file work_26.tsv (TSV, C-alpha atoms and all ligand atoms)
chain	number	residue	atom	x	y	z
A	1	MET	CA	130.91	76.16	128.89
A	2	SER	CA	129.11	78.42	126.43
A	3	GLU	CA	130.36	78.85	122.90
A	4	THR	CA	130.65	82.22	121.23
A	5	ALA	CA	128.86	82.49	117.89
A	6	ARG	CA	128.48	85.20	115.30
A	7	GLY	CA	125.26	86.25	113.69
A	8	PHE	CA	121.76	87.31	114.70
A	9	GLU	CA	120.33	84.36	116.56
A	10	ASP	CA	116.58	83.81	116.16
A	11	LEU	CA	116.06	86.94	114.04
A	12	PRO	CA	112.42	86.62	112.91
A	13	CYS	CA	111.34	86.90	109.29
A	14	PRO	CA	109.16	90.05	108.97
A	15	LYS	CA	106.82	88.18	106.64
A	16	CYS	CA	106.13	84.95	108.56
A	17	MET	CA	107.91	85.57	111.90
A	18	ASP	CA	109.78	82.27	111.66
A	19	ASP	CA	113.03	82.49	113.62
A	20	GLY	CA	116.47	82.12	112.15
A	21	THR	CA	115.48	81.47	108.55
A	22	VAL	CA	116.50	84.72	106.85
A	23	THR	CA	119.41	84.83	104.43
A	24	VAL	CA	120.90	87.75	102.51
A	25	TYR	CA	122.02	87.71	98.90
A	26	LEU	CA	125.74	88.39	98.80
A	27	SER	CA	125.37	89.62	95.22
A	28	ASP	CA	123.71	92.85	96.35
A	29	MET	CA	123.74	92.75	100.20
A	30	ASP	CA	120.30	94.36	100.00
A	31	THR	CA	117.84	91.57	99.24
A	32	PHE	CA	116.81	89.12	101.93
A	33	ASN	CA	115.13	85.75	101.50
A	34	CYS	CA	113.25	83.66	104.03
A	35	THR	CA	113.78	79.94	103.61
A	36	ALA	CA	110.59	79.22	105.59
A	37	CYS	CA	108.05	81.27	103.59
A	38	GLU	CA	110.24	81.87	100.50
A	39	GLU	CA	109.39	85.60	100.54
A	40	GLU	CA	111.98	88.17	99.49
A	41	PHE	CA	112.31	91.66	100.97
A	42	THR	CA	114.79	94.50	100.80
A	43	ARG	CA	116.62	96.68	103.26
A	44	GLY	CA	114.37	99.56	102.21
A	45	GLU	CA	111.25	97.60	103.19
A	46	ILE	CA	112.69	96.87	106.63
A	47	GLU	CA	113.73	100.51	107.09
A	48	ALA	CA	110.19	101.66	106.21
A	49	VAL	CA	108.65	99.34	108.83
A	50	VAL	CA	111.18	100.42	111.47
A	51	LYS	CA	110.46	104.08	110.65
A	52	GLN	CA	106.68	103.60	110.92
A	53	TRP	CA	106.88	101.69	114.19
A	54	GLY	CA	109.53	104.04	115.57
A	55	ALA	CA	107.05	106.90	115.25
A	56	VAL	CA	104.38	104.88	117.06
A	57	LEU	CA	106.74	103.89	119.89
A	58	ALA	CA	107.97	107.48	120.28
A	59	TRP	CA	104.36	108.65	120.57
A	60	ILE	CA	103.56	105.92	123.12
A	61	ASP	CA	106.57	106.99	125.19
A	62	THR	CA	104.94	110.41	125.62
A	63	ALA	CA	101.93	108.88	127.42
A	64	PRO	CA	101.71	110.02	131.05
A	65	ALA	CA	102.66	107.60	133.79
A	66	TYR	CA	100.40	106.80	136.69
A	67	GLN	CA	100.79	105.07	140.01
A	68	SER	CA	100.16	101.34	140.06
A	69	GLY	CA	96.78	100.70	141.67
A	70	GLY	CA	95.66	104.23	140.89
A	71	SER	CA	93.50	105.46	138.09
A	72	ASN	CA	94.77	106.03	134.58
A	73	VAL	CA	92.20	108.75	134.08
A	74	ILE	CA	93.86	112.07	133.31
A	75	ASP	CA	92.64	115.27	134.95
A	76	LEU	CA	92.25	117.58	131.94
A	77	LYS	CA	92.84	120.68	134.09
A	78	THR	CA	96.11	119.55	135.65
A	79	GLY	CA	97.24	116.99	133.05
A	80	THR	CA	97.95	114.49	135.78
A	81	GLY	CA	96.48	111.16	136.74
A	82	SER	CA	94.24	110.84	139.75
B	101	ZN	ZN	109.37	84.06	106.28
call {"tool": "encode", "arguments": {"input": "work_26.tsv", "output": "structure tokens"}}
result
Amino acid sequence: MSETARGFEDLPCPKCMDDGTVTVYLSDMDTFNCTACEEEFTRGEIEAVVKQWGAVLAWIDTAPAYQSGGSNVIDLKTGTGS
């Protein structure tokens, strides 16, 4: 039988990528601390990283698809893969 738990299991620290070691200061609910690498970071720092990577992932999602086993070379006249 599985137990239900609350929290964010195995959330990696953005500084050292260690899983499940991040705590948040209840005094401001904005500053995080990693017990593995002892680095501190803020919500704003996390939001900036998410924003930067979100732009990259959105751009990647615009890449054209191609058939498996086919070429990923794009025909510049038609904009399609061959
Ligand atoms: Zn860490």
call {"tool": "atom_distance", "arguments": {"input": "work_26.tsv", "atom1": "atom CA of A:Lys15", "atom2": "atom ZN of ligand ZN 101 (chain B)"}}
result
4.9 Å
call {"tool": "closest_atom_pairs", "arguments": {"input": "work_26.tsv", "of": "chain A", "to": "ligand ZN 101 (chain B)", "cutoff": "9 Å", "atoms": "only C-alpha atoms and all ligand atoms", "output": "JSON lines"}}
result
{"residue": "A:Pro12", "atom": "CA", "partner": "B:ZN101", "partner_atom": "ZN", "distance": 7.7}
{"residue": "A:Cys13", "atom": "CA", "partner": "B:ZN101", "partner_atom": "ZN", "distance": 4.6}
{"residue": "A:Pro14", "atom": "CA", "partner": "B:ZN101", "partner_atom": "ZN", "distance": 6.6}
{"residue": "A:Lys15", "atom": "CA", "partner": "B:ZN101", "partner_atom": "ZN", "distance": 4.9}
{"residue": "A:Cys16", "atom": "CA", "partner": "B:ZN101", "partner_atom": "ZN", "distance": 4.1}
{"residue": "A:Met17", "atom": "CA", "partner": "B:ZN101", "partner_atom": "ZN", "distance": 6.0}
{"residue": "A:Asp18", "atom": "CA", "partner": "B:ZN101", "partner_atom": "ZN", "distance": 5.7}
{"residue": "A:Asp19", "atom": "CA", "partner": "B:ZN101", "partner_atom": "ZN", "distance": 8.4}
{"residue": "A:Thr21", "atom": "CA", "partner": "B:ZN101", "partner_atom": "ZN", "distance": 7.0}
{"residue": "A:Val22", "atom": "CA", "partner": "B:ZN101", "partner_atom": "ZN", "distance": 7.2}
{"residue": "A:Asn33", "atom": "CA", "partner": "B:ZN101", "partner_atom": "ZN", "distance": 7.7}
{"residue": "A:Cys34", "atom": "CA", "partner": "B:ZN101", "partner_atom": "ZN", "distance": 4.5}
{"residue": "A:Thr35", "atom": "CA", "partner": "B:ZN101", "partner_atom": "ZN", "distance": 6.6}
{"residue": "A:Ala36", "atom": "CA", "partner": "B:ZN101", "partner_atom": "ZN", "distance": 5.0}
{"residue": "A:Cys37", "atom": "CA", "partner": "B:ZN101", "partner_atom": "ZN", "distance": 4.1}
{"residue": "A:Glu38", "atom": "CA", "partner": "B:ZN101", "partner_atom": "ZN", "distance": 6.2}
{"residue": "A:Glu39", "atom": "CA", "partner": "B:ZN101", "partner_atom": "ZN", "distance": 5.9}
{"residue": "A:Glu40", "atom": "CA", "partner": "B:ZN101", "partner_atom": "ZN", "distance": 8.4}
call {"tool": "atom_distance", "arguments": {"input": "work_26.tsv", "atom1": "atom CA of A:Leu76", "atom2": "atom CA of A:Ala63"}}
result
13.8 Å
call {"tool": "residues_around", "arguments": {"input": "work_26.tsv", "residues": "A:Phe32", "least_positions_apart": "6", "cutoff": "7 Å", "atoms": "all atoms listed in the file", "output": "list in words"}}
result
Val22, Thr23, Val24, Tyr25, Glu40, Phe41 and Thr42 of chain A
call {"tool": "atom_distance", "arguments": {"input": "work_26.tsv", "atom1": "atom CA of A:Gly44", "atom2": "atom CA of A:Asp30"}}
result
8.2 Å
call {"tool": "axis_aligned_box", "arguments": {"input": "work_26.tsv", "around": "stretch 25-42 of chain A", "padding_each_side": "4 Å", "output": "JSON"}}
result
{"center_x": 116.9, "center_y": 86.9, "center_z": 100.4, "size_x": 25.7, "size_y": 23.3, "size_z": 18.4}
call {"tool": "build_atoms", "arguments": {"input": "work_26.tsv", "residues": "stretch 3-19 of chain A", "atoms": "N, CA and C atoms", "output": "CSV table (one decimal), in the coordinates of the input"}}
result
chain,number,residue,atom,x,y,z
A,3,GLU,N,129.6,78.5,124.1
A,3,GLU,CA,130.4,78.8,122.9
A,3,GLU,C,130.0,80.2,122.4
A,4,THR,N,130.9,80.9,121.8
A,4,THR,CA,130.6,82.2,121.2
A,4,THR,C,130.3,82.0,119.8
A,5,ALA,N,129.3,82.6,119.3
A,5,ALA,CA,128.9,82.5,117.9
A,5,ALA,C,128.7,83.9,117.3
A,6,ARG,N,128.7,83.9,116.0
A,6,ARG,CA,128.5,85.2,115.3
A,6,ARG,C,127.2,85.1,114.6
A,7,GLY,N,126.5,86.2,114.4
A,7,GLY,CA,125.3,86.2,113.7
A,7,GLY,C,124.2,86.9,114.5
A,8,PHE,N,122.9,86.7,114.1
A,8,PHE,CA,121.8,87.3,114.7
A,8,PHE,C,120.8,86.2,115.0
A,9,GLU,N,121.1,85.5,116.2
A,9,GLU,CA,120.3,84.4,116.6
A,9,GLU,C,118.8,84.6,116.7
A,10,ASP,N,118.0,83.8,116.1
A,10,ASP,CA,116.6,83.8,116.2
A,10,ASP,C,116.0,85.1,115.6
A,11,LEU,N,116.6,85.8,114.7
A,11,LEU,CA,116.1,86.9,114.0
A,11,LEU,C,114.8,86.5,113.3
A,12,PRO,N,113.6,87.1,113.6
A,12,PRO,CA,112.4,86.6,112.9
A,12,PRO,C,112.3,87.2,111.5
A,13,CYS,N,111.7,86.4,110.6
A,13,CYS,CA,111.3,86.9,109.3
A,13,CYS,C,110.2,87.9,109.5
A,14,PRO,N,110.3,89.1,108.8
A,14,PRO,CA,109.2,90.0,109.0
A,14,PRO,C,107.9,89.6,108.2
A,15,LYS,N,108.0,88.6,107.4
A,15,LYS,CA,106.8,88.2,106.6
A,15,LYS,C,106.1,87.1,107.4
A,16,CYS,N,106.8,86.1,107.9
A,16,CYS,CA,106.1,85.0,108.6
A,16,CYS,C,106.5,84.8,110.0
A,17,MET,N,107.5,85.6,110.5
A,17,MET,CA,107.9,85.6,111.9
A,17,MET,C,108.6,84.3,112.3
A,18,ASP,N,109.0,83.5,111.3
A,18,ASP,CA,109.8,82.3,111.7
A,18,ASP,C,111.2,82.7,112.1
A,19,ASP,N,111.7,82.1,113.1
A,19,ASP,CA,113.0,82.5,113.6
A,19,ASP,C,114.2,81.8,112.9
